[in-house]
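Below is one structure, written out as structure tokens; the observations come after it.
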Amino acid sequence: MSTTAEQLSATTLLRFATAGSVDDGKSTLVGRLLHDSKSVLTDQLEAVEHASRSRGQEAPDLALLTDGLRAEREQGITIDVAYRYFATARRRFILADTPGHVQYTRNMVTGASTAELAVVLVDARNGVVEQTRRHAAVAALLRVPHVVLAVNKMDLVDYAEPVFAAIAEEFTAYAASLGVPEITAIPISALAGDNVVEPSAHMDWYGGPTVLEHLETVPVSHDLTACHARFPVQYVIRPQTAEHPDYRGYAGQIAAGAFRVGEAVTVLPSGRTSTVAAIDALGESVDIAWAPQSVTLRLADDIDISRGDLIAPSDDVPAVTQDVEATVCHVADQPLGVGQRVLIKHTTRTVKAIVKDIPSRLTLDDLSQHPAPGRLVANDIGRVVLRTAEPLALDAYADSRRTGSFLLIDPADGTTLTAGMAGASFATAAAAGDDASDDAEWDF
């Protein structure tokens with residue numbers, strides 16, 4: 001293995017998303033990060049320089065490194081989520097550059113759903129606007145544990161510290177009221193490169209980290225092996241060959257926690273119990289396996305298990321229910337209404353369900369609840385009550401992002417309708433007075 005490969009294998013991985021209002025400079029910030037961290041190939045940079053010259057720009061437009069769709073380039077906006085992969089000597093990154101327009105809120109939900117950090121951009125000239133509050137609320141709903149406020153275009157306000165301080169104070173108070181556990185404010189100019197990768201010579205009053213330095217050093221210490229152990233069964237392996245006449249294994253990816261040989265487990269939703277007789281990983285038997293490994297579990301007893309069942313430790317079993325209350329973001333163009341029949345996909349299990357009630361729709365600019373809206377349309381976030389045809393083993397989303405999330409699907413054509421988060425929303429948690437120590441335990 002080369003030295004570079006060894007270094008990368010030893011580094012941690014950070015998933016993060018960018019968000020913010022239209023024209024706040026998200027794509028330019030991402031382009032600057034990639035360019036100044038030497039993560040852009042020569043031919044990519046040449047293509048951007050050529051495209052910029054054809055549009056009459058002298059300097060390369062770094063936003064073009066991420067705005068790949070023709071419509072995005074022509075309109076100068078981001079429409080879809082653009083994923084970029086890059087690395088430094090200290091850490092590897094998966095970045096989701098999400099759109100800023102209100103009508104693409106659902107895309108921001110997609111990009112931030114697996115993020116460990118969200119960078120919310122604000123134009124220093126405009127301050128905190130409605131879309132800024134909307135994206136902070138979405139980050140809180142999705143339990144993103146680290147939020148960075150990047151106050152951009154500081155060069156256009158003469159790098160004035162009072163402007164930055166006022167914006168940082170307003171945003172921090174708002175995000176903290178939502179229960180966001182950590183907020184870091186950084187003054188930047190993505191266009192000029194101030195405090196993105198290199199420290200700014202124009203803001204000697206700021207003594208904090210640059211954006212890249214913070215991304216490289218923010219703790220990504222959440223240990224999946226310490227979470228509630230959950231194993232959704234994806235496939236049952238029965239070779240029935242002369243070599244393996246009695247082999248029965250249950251294959252899948254461990255969603256969270258760890259499983260050990262000899263451990264007592266319960267299979268849901270049936271409730272049958274057994275013990276882990278063996279664990280096969282990469283063709284070898286092991287004594288322990290942990291998330292997110294893909295393994296095959298073998299149990300001591302021959303019990304009826306199929307795709308969609310969930311295996312969990314007998315002393316830590318999730319609740320099994322047919323009544324689901326959740327916060328959802330509606331992502332389809334067709335509305336979701338009370339009485340509608342849907343499919344609910346939770347881990348590897350898909351069952352029929354009916355929308356029993358839509359108690360409220362959330363107004364994200366002021367966090368007010370609009371009662372009994374009757375239906376949700378594209379980009380709406382609201383509360384729903386579902387009744388499933390078969391029991392589901394659901395964790396609360398606040399306890400586990402992996403086993404507390406689900407999708408609602410149109411049974412007619414398979415279209416994804418809604419992304420759901422089981423249990424209480426951030427508004428309920430904040431009203432209940434949850435303390436910061438509870439918020440700090442947000443699960444991945």
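Chain labels follow the order of the structure tokens: the first chain is A, the next B, and so on; residue numbering restarts at 1 in every chain, and ligands are counted from 1 in their shown order.
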What's the 7 Å shell around A:Arg248, counting only C-alpha atoms, without same-chain residues fewer than 4 positions away, as a PDB file with all heavy atoms, in the first residue's frame?
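Contents of the output file around08.pdb:
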```pdb
ATOM      1  N   ILE A 237     -29.995 -16.992   3.472  1.00  0.00           N
ATOM      2  CA  ILE A 237     -29.085 -17.847   2.707  1.00  0.00           C
ATOM      3  C   ILE A 237     -29.299 -19.306   3.097  1.00  0.00           C
ATOM      4  O   ILE A 237     -29.073 -19.685   4.256  1.00  0.00           O
ATOM      5  CB  ILE A 237     -27.614 -17.434   2.942  1.00  0.00           C
ATOM      6  CG1 ILE A 237     -27.387 -15.988   2.494  1.00  0.00           C
ATOM      7  CG2 ILE A 237     -26.663 -18.376   2.205  1.00  0.00           C
ATOM      8  CD1 ILE A 237     -25.983 -15.477   2.767  1.00  0.00           C
ATOM      9  N   ARG A 238     -29.750 -20.109   2.140  1.00  0.00           N
ATOM     10  CA  ARG A 238     -29.953 -21.550   2.344  1.00  0.00           C
ATOM     11  C   ARG A 238     -29.335 -22.289   1.160  1.00  0.00           C
ATOM     12  O   ARG A 238     -30.022 -22.606   0.194  1.00  0.00           O
ATOM     13  CB  ARG A 238     -31.440 -21.886   2.428  1.00  0.00           C
ATOM     14  CG  ARG A 238     -32.154 -21.429   3.698  1.00  0.00           C
ATOM     15  CD  ARG A 238     -31.704 -22.187   4.933  1.00  0.00           C
ATOM     16  NE  ARG A 238     -31.697 -23.629   4.785  1.00  0.00           N
ATOM     17  CZ  ARG A 238     -32.759 -24.415   4.916  1.00  0.00           C
ATOM     18  NH1 ARG A 238     -33.938 -23.883   5.162  1.00  0.00           N
ATOM     19  NH2 ARG A 238     -32.635 -25.719   4.794  1.00  0.00           N
ATOM     20  N   ARG A 298     -25.948 -16.372  12.049  1.00  0.00           N
ATOM     21  CA  ARG A 298     -26.552 -17.699  12.164  1.00  0.00           C
ATOM     22  C   ARG A 298     -27.058 -17.863  13.593  1.00  0.00           C
ATOM     23  O   ARG A 298     -26.335 -17.548  14.537  1.00  0.00           O
ATOM     24  CB  ARG A 298     -25.537 -18.791  11.818  1.00  0.00           C
ATOM     25  CG  ARG A 298     -25.244 -18.881  10.327  1.00  0.00           C
ATOM     26  CD  ARG A 298     -24.360 -20.062  10.010  1.00  0.00           C
ATOM     27  NE  ARG A 298     -22.952 -19.782  10.222  1.00  0.00           N
ATOM     28  CZ  ARG A 298     -22.025 -20.720  10.449  1.00  0.00           C
ATOM     29  NH1 ARG A 298     -22.400 -21.992  10.541  1.00  0.00           N
ATOM     30  NH2 ARG A 298     -20.766 -20.382  10.627  1.00  0.00           N
TER      31      ARG A 298
END
```
Pick out the residues sitting within 8 Å of A:Ala185, and hand them over as an mmCIF file with all heavy atoms, in the first residue's frame; count only C-alpha atoms, and ignore anything fewer than 5 positions along from it in its own chain.
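Done, and the output landed in selection.cif:
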```cif
data_model
loop_
_atom_site.group_PDB
_atom_site.id
_atom_site.type_symbol
_atom_site.label_atom_id
_atom_site.label_comp_id
_atom_site.auth_asym_id
_atom_site.auth_seq_id
_atom_site.Cartn_x
_atom_site.Cartn_y
_atom_site.Cartn_z
ATOM 1 N N VAL A 148 -22.399 24.934 11.069
ATOM 2 C CA VAL A 148 -21.469 26.045 10.851
ATOM 3 C C VAL A 148 -22.223 27.179 10.170
ATOM 4 O O VAL A 148 -22.857 26.965 9.130
ATOM 5 C CB VAL A 148 -20.270 25.616 9.982
ATOM 6 C CG1 VAL A 148 -19.407 26.826 9.623
ATOM 7 C CG2 VAL A 148 -19.428 24.572 10.708
ATOM 8 N N LEU A 149 -22.188 28.364 10.760
ATOM 9 C CA LEU A 149 -22.721 29.550 10.114
ATOM 10 C C LEU A 149 -21.572 30.236 9.387
ATOM 11 O O LEU A 149 -20.645 30.739 10.020
ATOM 12 C CB LEU A 149 -23.334 30.513 11.138
ATOM 13 C CG LEU A 149 -23.736 31.873 10.569
ATOM 14 C CD1 LEU A 149 -24.921 31.734 9.614
ATOM 15 C CD2 LEU A 149 -24.050 32.865 11.681
ATOM 16 N N ALA A 150 -21.616 30.214 8.056
ATOM 17 C CA ALA A 150 -20.582 30.878 7.246
ATOM 18 C C ALA A 150 -21.146 32.205 6.749
ATOM 19 O O ALA A 150 -22.007 32.226 5.874
ATOM 20 C CB ALA A 150 -20.175 29.985 6.079
ATOM 21 N N VAL A 151 -20.693 33.302 7.349
ATOM 22 C CA VAL A 151 -21.150 34.632 6.944
ATOM 23 C C VAL A 151 -20.301 35.043 5.744
ATOM 24 O O VAL A 151 -19.141 35.441 5.883
ATOM 25 C CB VAL A 151 -21.030 35.648 8.094
ATOM 26 C CG1 VAL A 151 -21.563 37.013 7.651
ATOM 27 C CG2 VAL A 151 -21.808 35.156 9.308
ATOM 28 N N ALA A 168 -24.127 36.597 13.617
ATOM 29 C CA ALA A 168 -23.802 35.397 14.394
ATOM 30 C C ALA A 168 -24.671 35.291 15.642
ATOM 31 O O ALA A 168 -25.152 34.204 15.993
ATOM 32 C CB ALA A 168 -22.322 35.408 14.773
#
```
What lies within 12 Å of A:Thr415 using only C-alpha atoms, ignoring chain neighbours under 2 positions off, as a PDB file with N, CA, C and O atoms, in the first residue's frame?
```
ATOM      1  N   HIS A 330     -42.614  16.209   2.723  1.00  0.00           N
ATOM      2  CA  HIS A 330     -43.237  15.681   1.517  1.00  0.00           C
ATOM      3  C   HIS A 330     -42.391  16.075   0.312  1.00  0.00           C
ATOM      4  O   HIS A 330     -42.137  17.258   0.073  1.00  0.00           O
ATOM      5  N   VAL A 331     -41.950  15.070  -0.457  1.00  0.00           N
ATOM      6  CA  VAL A 331     -40.996  15.325  -1.537  1.00  0.00           C
ATOM      7  C   VAL A 331     -41.601  15.180  -2.929  1.00  0.00           C
ATOM      8  O   VAL A 331     -40.974  15.550  -3.921  1.00  0.00           O
ATOM      9  N   ALA A 332     -42.818  14.652  -3.041  1.00  0.00           N
ATOM     10  CA  ALA A 332     -43.424  14.415  -4.356  1.00  0.00           C
ATOM     11  C   ALA A 332     -44.241  15.633  -4.795  1.00  0.00           C
ATOM     12  O   ALA A 332     -44.703  16.427  -3.983  1.00  0.00           O
ATOM     13  N   ASP A 333     -44.429  15.762  -6.104  1.00  0.00           N
ATOM     14  CA  ASP A 333     -45.251  16.849  -6.635  1.00  0.00           C
ATOM     15  C   ASP A 333     -46.725  16.626  -6.333  1.00  0.00           C
ATOM     16  O   ASP A 333     -47.478  17.583  -6.154  1.00  0.00           O
ATOM     17  N   GLN A 334     -47.150  15.350  -6.296  1.00  0.00           N
ATOM     18  CA  GLN A 334     -48.536  15.051  -5.949  1.00  0.00           C
ATOM     19  C   GLN A 334     -48.718  15.150  -4.438  1.00  0.00           C
ATOM     20  O   GLN A 334     -47.844  14.745  -3.673  1.00  0.00           O
ATOM     21  N   VAL A 342     -50.791   4.074   1.166  1.00  0.00           N
ATOM     22  CA  VAL A 342     -49.386   4.178   0.794  1.00  0.00           C
ATOM     23  C   VAL A 342     -48.664   2.897   1.186  1.00  0.00           C
ATOM     24  O   VAL A 342     -49.220   2.024   1.858  1.00  0.00           O
ATOM     25  N   LEU A 343     -47.424   2.791   0.754  1.00  0.00           N
ATOM     26  CA  LEU A 343     -46.503   1.780   1.262  1.00  0.00           C
ATOM     27  C   LEU A 343     -45.503   2.492   2.154  1.00  0.00           C
ATOM     28  O   LEU A 343     -45.058   3.608   1.834  1.00  0.00           O
ATOM     29  N   ILE A 344     -45.150   1.885   3.277  1.00  0.00           N
ATOM     30  CA  ILE A 344     -44.128   2.452   4.143  1.00  0.00           C
ATOM     31  C   ILE A 344     -42.915   1.520   4.117  1.00  0.00           C
ATOM     32  O   ILE A 344     -43.034   0.318   4.371  1.00  0.00           O
ATOM     33  N   LYS A 345     -41.764   2.091   3.749  1.00  0.00           N
ATOM     34  CA  LYS A 345     -40.521   1.315   3.681  1.00  0.00           C
ATOM     35  C   LYS A 345     -39.642   1.703   4.861  1.00  0.00           C
ATOM     36  O   LYS A 345     -39.192   2.846   4.963  1.00  0.00           O
ATOM     37  N   LEU A 407     -39.669   5.786   4.485  1.00  0.00           N
ATOM     38  CA  LEU A 407     -40.189   6.437   3.284  1.00  0.00           C
ATOM     39  C   LEU A 407     -41.633   6.013   3.071  1.00  0.00           C
ATOM     40  O   LEU A 407     -41.997   4.867   3.347  1.00  0.00           O
ATOM     41  N   LEU A 408     -42.439   6.942   2.583  1.00  0.00           N
ATOM     42  CA  LEU A 408     -43.772   6.609   2.106  1.00  0.00           C
ATOM     43  C   LEU A 408     -43.730   6.545   0.588  1.00  0.00           C
ATOM     44  O   LEU A 408     -43.181   7.446  -0.068  1.00  0.00           O
ATOM     45  N   ILE A 409     -44.304   5.483   0.016  1.00  0.00           N
ATOM     46  CA  ILE A 409     -44.199   5.203  -1.411  1.00  0.00           C
ATOM     47  C   ILE A 409     -45.588   5.055  -2.007  1.00  0.00           C
ATOM     48  O   ILE A 409     -46.493   4.491  -1.371  1.00  0.00           O
ATOM     49  N   ASP A 410     -45.755   5.557  -3.217  1.00  0.00           N
ATOM     50  CA  ASP A 410     -47.022   5.394  -3.943  1.00  0.00           C
ATOM     51  C   ASP A 410     -47.125   3.945  -4.406  1.00  0.00           C
ATOM     52  O   ASP A 410     -46.286   3.479  -5.186  1.00  0.00           O
ATOM     53  N   PRO A 411     -48.139   3.188  -3.958  1.00  0.00           N
ATOM     54  CA  PRO A 411     -48.236   1.773  -4.351  1.00  0.00           C
ATOM     55  C   PRO A 411     -48.544   1.585  -5.830  1.00  0.00           C
ATOM     56  O   PRO A 411     -48.323   0.499  -6.372  1.00  0.00           O
ATOM     57  N   ALA A 412     -49.032   2.625  -6.492  1.00  0.00           N
ATOM     58  CA  ALA A 412     -49.399   2.495  -7.906  1.00  0.00           C
ATOM     59  C   ALA A 412     -48.185   2.467  -8.817  1.00  0.00           C
ATOM     60  O   ALA A 412     -48.120   1.680  -9.756  1.00  0.00           O
ATOM     61  N   ASP A 413     -47.207   3.355  -8.553  1.00  0.00           N
ATOM     62  CA  ASP A 413     -46.064   3.443  -9.482  1.00  0.00           C
ATOM     63  C   ASP A 413     -44.702   3.427  -8.801  1.00  0.00           C
ATOM     64  O   ASP A 413     -43.675   3.575  -9.462  1.00  0.00           O
ATOM     65  N   LEU A 417     -42.943   9.358  -2.010  1.00  0.00           N
ATOM     66  CA  LEU A 417     -43.827  10.474  -1.681  1.00  0.00           C
ATOM     67  C   LEU A 417     -43.273  11.342  -0.556  1.00  0.00           C
ATOM     68  O   LEU A 417     -43.300  12.572  -0.642  1.00  0.00           O
ATOM     69  N   THR A 418     -42.792  10.700   0.502  1.00  0.00           N
ATOM     70  CA  THR A 418     -42.502  11.420   1.739  1.00  0.00           C
ATOM     71  C   THR A 418     -41.340  10.769   2.468  1.00  0.00           C
ATOM     72  O   THR A 418     -41.214   9.543   2.472  1.00  0.00           O
ATOM     73  N   ALA A 419     -40.498  11.595   3.094  1.00  0.00           N
ATOM     74  CA  ALA A 419     -39.442  11.113   3.982  1.00  0.00           C
ATOM     75  C   ALA A 419     -39.887  11.352   5.413  1.00  0.00           C
ATOM     76  O   ALA A 419     -40.308  12.465   5.762  1.00  0.00           O
TER      77      ALA A 419
END
```
Can you check which residues of stretch 138-281 of chain A DSSP gives as helix (DSSP H, G or I) on the backbone and send them as a PyMOL selection string? chain A and resi 138-141+154-157+161-177+211-217+224-226
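Across the model, the gap from atom CA of A:Met154 to atom CA of A:Gln131 is 19.4 Å.
Here atom CA of A:Ala160 is placed at a distance of 20.7 Å from atom CA of A:Thr132.
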re atom CA of A:Ile358 and atom CA of A:Gln322: distance 16.5 Å
Find the residues near A:Val196: any atom within 9 Å, counting only C-alpha atoms, skip ones fewer than 2 places away on the same chain, and give them as a PDB file with N, CA, C and O atoms, in the first residue's frame.
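For reference, around14.pdb as written:
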```pdb
ATOM      1  N   LEU A  29     -18.426  28.631  -2.557  1.00  0.00           N
ATOM      2  CA  LEU A  29     -17.691  28.147  -1.396  1.00  0.00           C
ATOM      3  C   LEU A  29     -17.175  26.731  -1.628  1.00  0.00           C
ATOM      4  O   LEU A  29     -16.003  26.434  -1.348  1.00  0.00           O
ATOM      5  N   ARG A  32     -14.369  26.846  -4.056  1.00  0.00           N
ATOM      6  CA  ARG A  32     -13.160  27.378  -3.417  1.00  0.00           C
ATOM      7  C   ARG A  32     -12.518  26.319  -2.537  1.00  0.00           C
ATOM      8  O   ARG A  32     -11.288  26.172  -2.512  1.00  0.00           O
ATOM      9  N   LEU A  33     -13.331  25.562  -1.789  1.00  0.00           N
ATOM     10  CA  LEU A  33     -12.791  24.483  -0.959  1.00  0.00           C
ATOM     11  C   LEU A  33     -12.038  23.472  -1.805  1.00  0.00           C
ATOM     12  O   LEU A  33     -10.918  23.063  -1.475  1.00  0.00           O
ATOM     13  N   ASP A  36      -8.775  25.328  -3.512  1.00  0.00           N
ATOM     14  CA  ASP A  36      -7.673  25.700  -2.626  1.00  0.00           C
ATOM     15  C   ASP A  36      -7.122  24.520  -1.844  1.00  0.00           C
ATOM     16  O   ASP A  36      -6.015  24.586  -1.326  1.00  0.00           O
ATOM     17  N   ILE A 188     -16.393  34.773   6.175  1.00  0.00           N
ATOM     18  CA  ILE A 188     -15.626  34.351   5.004  1.00  0.00           C
ATOM     19  C   ILE A 188     -15.934  35.226   3.789  1.00  0.00           C
ATOM     20  O   ILE A 188     -16.890  35.996   3.783  1.00  0.00           O
ATOM     21  N   SER A 189     -15.101  35.093   2.782  1.00  0.00           N
ATOM     22  CA  SER A 189     -15.416  35.545   1.429  1.00  0.00           C
ATOM     23  C   SER A 189     -15.038  34.404   0.505  1.00  0.00           C
ATOM     24  O   SER A 189     -13.850  34.150   0.272  1.00  0.00           O
ATOM     25  N   ALA A 190     -16.048  33.670   0.025  1.00  0.00           N
ATOM     26  CA  ALA A 190     -15.779  32.515  -0.831  1.00  0.00           C
ATOM     27  C   ALA A 190     -15.127  32.952  -2.134  1.00  0.00           C
ATOM     28  O   ALA A 190     -14.255  32.263  -2.671  1.00  0.00           O
ATOM     29  N   GLY A 193     -11.593  33.980  -1.182  1.00  0.00           N
ATOM     30  CA  GLY A 193     -10.860  32.930  -0.492  1.00  0.00           C
ATOM     31  C   GLY A 193     -10.558  33.222   0.967  1.00  0.00           C
ATOM     32  O   GLY A 193      -9.798  32.494   1.601  1.00  0.00           O
ATOM     33  N   ASP A 194     -11.148  34.280   1.531  1.00  0.00           N
ATOM     34  CA  ASP A 194     -10.877  34.635   2.924  1.00  0.00           C
ATOM     35  C   ASP A 194     -11.479  33.608   3.877  1.00  0.00           C
ATOM     36  O   ASP A 194     -12.688  33.348   3.852  1.00  0.00           O
ATOM     37  N   GLU A 198      -7.433  29.246   3.578  1.00  0.00           N
ATOM     38  CA  GLU A 198      -6.352  30.051   4.168  1.00  0.00           C
ATOM     39  C   GLU A 198      -6.941  31.154   5.047  1.00  0.00           C
ATOM     40  O   GLU A 198      -7.994  31.715   4.727  1.00  0.00           O
ATOM     41  N   PRO A 199      -6.274  31.496   6.176  1.00  0.00           N
ATOM     42  CA  PRO A 199      -6.747  32.594   7.019  1.00  0.00           C
ATOM     43  C   PRO A 199      -6.763  33.916   6.258  1.00  0.00           C
ATOM     44  O   PRO A 199      -5.947  34.141   5.360  1.00  0.00           O
ATOM     45  N   SER A 200      -7.685  34.779   6.614  1.00  0.00           N
ATOM     46  CA  SER A 200      -7.826  36.059   5.931  1.00  0.00           C
ATOM     47  C   SER A 200      -6.865  37.101   6.490  1.00  0.00           C
ATOM     48  O   SER A 200      -6.703  37.217   7.712  1.00  0.00           O
ATOM     49  N   THR A 210     -10.431  28.475  10.052  1.00  0.00           N
ATOM     50  CA  THR A 210     -11.001  28.598   8.717  1.00  0.00           C
ATOM     51  C   THR A 210     -12.047  27.500   8.539  1.00  0.00           C
ATOM     52  O   THR A 210     -12.172  26.600   9.375  1.00  0.00           O
ATOM     53  N   VAL A 211     -12.808  27.578   7.447  1.00  0.00           N
ATOM     54  CA  VAL A 211     -13.830  26.559   7.206  1.00  0.00           C
ATOM     55  C   VAL A 211     -13.190  25.176   7.106  1.00  0.00           C
ATOM     56  O   VAL A 211     -13.641  24.216   7.750  1.00  0.00           O
ATOM     57  N   LEU A 212     -12.123  25.056   6.319  1.00  0.00           N
ATOM     58  CA  LEU A 212     -11.494  23.743   6.142  1.00  0.00           C
ATOM     59  C   LEU A 212     -10.883  23.248   7.442  1.00  0.00           C
ATOM     60  O   LEU A 212     -10.997  22.055   7.770  1.00  0.00           O
ATOM     61  N   GLU A 213     -10.268  24.144   8.192  1.00  0.00           N
ATOM     62  CA  GLU A 213      -9.675  23.722   9.463  1.00  0.00           C
ATOM     63  C   GLU A 213     -10.743  23.184  10.406  1.00  0.00           C
ATOM     64  O   GLU A 213     -10.542  22.166  11.081  1.00  0.00           O
TER      65      GLU A 213
END
```
Using only C-alpha atoms, find the one residue out of A:Ser306, A:Ser39, A:Thr110, A:Thr28 that sits nearest to A:Phe86. A:Ser39
Produce a table with one row for each residue of stretch 153-248 of chain A that has an atom at most 10 Å from any atom of stretch 262-277 of chain A, each row naming the nearest atom pair and its distance in Å at one decimal; use only C-alpha atoms; arrange rows by chain and rising residue number; format as CSV.
```
residue,atom,partner,partner_atom,distance
A:Phe231,CA,A:Val267,CA,9.5
A:Pro232,CA,A:Leu268,CA,9.5
A:Val233,CA,A:Val267,CA,9.7
```
Residues at most 10 Å from A:Val129, counting only C-alpha atoms, excluding those fewer than 4 positions away in the same chain, as a PyMOL selection string? chain A and resi 20-21+122-123+133-134+171+365
Mind checking which residues fall within 6 Å of A:Leu392, counting only C-alpha atoms, ignoring those fewer than 2 positions away in the same chain, and posting them as a ChimeraX atom specification? /A:320-321,394
Save the residues we just selected, all heavy atoms, as a JSON list (two decimals), in the first residue's frame?
```
[["chain", "number", "residue", "atom", "x", "y", "z"],
["A", 320, "VAL", "N", -42.80, -2.48, 19.00],
["A", 320, "VAL", "CA", -43.45, -2.93, 17.77],
["A", 320, "VAL", "C", -44.85, -2.33, 17.74],
["A", 320, "VAL", "O", -45.61, -2.46, 18.71],
["A", 320, "VAL", "CB", -43.52, -4.46, 17.71],
["A", 320, "VAL", "CG1", -44.28, -4.91, 16.46],
["A", 320, "VAL", "CG2", -42.11, -5.05, 17.71],
["A", 321, "THR", "N", -45.19, -1.66, 16.65],
["A", 321, "THR", "CA", -46.47, -0.94, 16.60],
["A", 321, "THR", "C", -47.04, -0.92, 15.19],
["A", 321, "THR", "O", -46.30, -1.08, 14.21],
["A", 321, "THR", "CB", -46.30, 0.50, 17.11],
["A", 321, "THR", "OG1", -47.57, 1.16, 17.09],
["A", 321, "THR", "CG2", -45.33, 1.26, 16.22],
["A", 394, "LEU", "N", -40.05, 0.10, 15.10],
["A", 394, "LEU", "CA", -39.52, 1.44, 14.86],
["A", 394, "LEU", "C", -38.86, 2.00, 16.11],
["A", 394, "LEU", "O", -39.44, 1.94, 17.20],
["A", 394, "LEU", "CB", -40.65, 2.39, 14.45],
["A", 394, "LEU", "CG", -40.98, 2.58, 12.98],
["A", 394, "LEU", "CD1", -42.26, 3.39, 12.85],
["A", 394, "LEU", "CD2", -39.86, 3.28, 12.24]]
```
Excluding A:Gly283 and residues on its chain fewer than 2 positions from it, collect all residues at most 12 Å away from it, counting only C-alpha atoms, and give them as a compact mmCIF listing (two decimals) with N, CA and C atoms, in the first residue's frame.
```
# COMPACT_ATOMS: atom_id res chain seq x y z
N ILE A 279 -21.22 -15.81 13.42
CA ILE A 279 -21.25 -14.60 12.57
C ILE A 279 -20.24 -14.80 11.46
N ASP A 280 -20.68 -14.71 10.22
CA ASP A 280 -19.80 -14.84 9.06
C ASP A 280 -19.59 -13.47 8.44
N ALA A 281 -18.33 -13.08 8.29
CA ALA A 281 -17.98 -11.79 7.68
C ALA A 281 -16.85 -12.00 6.70
N SER A 285 -15.46 -16.76 9.94
CA SER A 285 -16.25 -16.68 11.16
C SER A 285 -15.57 -15.71 12.14
N VAL A 286 -16.38 -14.84 12.74
CA VAL A 286 -15.86 -13.87 13.71
C VAL A 286 -16.71 -13.96 14.98
N SER A 294 -21.40 -5.48 6.79
CA SER A 294 -22.35 -6.39 6.17
C SER A 294 -21.92 -7.81 6.52
N VAL A 295 -22.81 -8.56 7.18
CA VAL A 295 -22.45 -9.87 7.71
C VAL A 295 -23.61 -10.84 7.51
N THR A 296 -23.36 -12.08 7.88
CA THR A 296 -24.41 -13.09 7.93
C THR A 296 -24.48 -13.63 9.35
```
Per residue of stretch 123-197 of chain A within 12 Å of stretch 370-384 of chain A, which atom pair is closest and at what distance in Å (one decimal), using only C-alpha atoms, listed by chain and increasing number, as CSV?
```
residue,atom,partner,partner_atom,distance
A:Arg134,CA,A:Ile381,CA,10.6
A:Ala137,CA,A:Ile381,CA,10.5
A:Val138,CA,A:Ile381,CA,9.1
A:Leu141,CA,A:Ile381,CA,9.8
A:Leu142,CA,A:Ile381,CA,11.7
```
Could you dump the residues just selected with N, CA and C atoms as a PDB file, in the first residue's frame?
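Final file, part14.pdb:
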```pdb
ATOM      1  N   ARG A 134     -35.218  28.573   7.710  1.00  0.00           N
ATOM      2  CA  ARG A 134     -35.783  27.322   7.223  1.00  0.00           C
ATOM      3  C   ARG A 134     -34.714  26.228   7.219  1.00  0.00           C
ATOM      4  N   ALA A 137     -33.812  25.107  10.692  1.00  0.00           N
ATOM      5  CA  ALA A 137     -34.863  24.249  11.239  1.00  0.00           C
ATOM      6  C   ALA A 137     -34.790  22.846  10.657  1.00  0.00           C
ATOM      7  N   VAL A 138     -34.525  22.734   9.354  1.00  0.00           N
ATOM      8  CA  VAL A 138     -34.399  21.416   8.733  1.00  0.00           C
ATOM      9  C   VAL A 138     -33.208  20.663   9.328  1.00  0.00           C
ATOM     10  N   LEU A 141     -34.359  19.410  12.637  1.00  0.00           N
ATOM     11  CA  LEU A 141     -35.283  18.289  12.478  1.00  0.00           C
ATOM     12  C   LEU A 141     -34.547  16.999  12.162  1.00  0.00           C
ATOM     13  N   LEU A 142     -33.499  17.108  11.325  1.00  0.00           N
ATOM     14  CA  LEU A 142     -32.749  15.931  10.902  1.00  0.00           C
ATOM     15  C   LEU A 142     -31.670  15.534  11.901  1.00  0.00           C
TER      16      LEU A 142
END
```
Enumerate as a ChimeraX atom specification all residues of stretch 222-437 of chain A assigned to strand (DSSP E or B) by DSSP on the backbone, naming them with the chain letters and numbers the document uses. /A:230-232,235-237,249-253,256,258-260,264-268,272-281,284-286,288-290,294-299,310-313,320-330,336-337,341-346,349-363,368-371,375-376,381-393,405-409,416-422
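With distances restricted to only C-alpha atoms, A:Gln293 is the closest residue to A:Arg230 from A:Thr217, A:Gln369, A:Ser425, A:Gln293.
For the set A:Ala319, A:Ala139, A:Val128, A:Ala424, the residue with the smallest atom-to-atom gap to A:Val385 is A:Ala424, counting only C-alpha atoms.
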Could you tell me which of A:Arg260, A:Arg361, A:Arg387, A:Arg125 comes closest to A:Trp290 if we count only C-alpha atoms? A:Arg260
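Of the residues under consideration (A:Thr18, A:Ser360, A:Leu297, A:Gly308), A:Thr18 shows the shortest atom-to-atom contact distance to A:Asn107 when counting only C-alpha atoms.
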Taking only C-alpha atoms into account, name the residue in A:Asn152, A:Ser314, A:Thr12, A:Thr388 that is nearest to A:Asp24. A:Asn152
